[in-house]
Amino acid sequence: LDLSSHALAPLSELPVHEVVSAVHLIADLTLGLGRVVHDYLATPPHKAAKGRTYDLAF
C-alpha cells in the first residue's frame with residue numbers, strides 16, 4: 001500500500017495496521033457530447049441587430 005503525501009489531505013501520516021481488501025478498476029469515464037446551454041462566443045442578438053462592429057472600452 002502506497003499513500004503519497006499531500007498538503008491538503010495528509011493521508012500518508014495515517015498508520016496502516018492491516019490491509020483488509022483492495023480493488024483496482026480500469027474504466028472509461030468519457031462523458032457524452034451533451035448539449036450547449038449557453039454559447040459565450042456567440043454574438044448577442046442586440047448587438048447583431050444594431051450592426052455595430054465596435055465596442056467602447058472603459
# chains A, B, ... in the order shown; residues from 1 in each chain; ligands from 1
>>> select_by_dssp(residues="stretch 5-47 of chain A", states="helix (DSSP H, G or I)", output="ChimeraX atom specification")
/A:11-13,45-47
>>> residues_around(residues="A:Ser12", least_positions_apart="4", cutoff="7 Å", atoms="only C-alpha atoms", output="PyMOL selection string")
chain A and resi 3-5
>>> atom_distance(atom1="atom CA of A:Pro10", atom2="atom CA of A:Thr30")
29.5 Å
>>> atom_distance(atom1="atom CA of A:Ala22", atom2="atom CA of A:His6")
21.4 Å
>>> atom_distance(atom1="atom CA of A:Val20", atom2="atom CA of A:Asp2")
14.7 Å
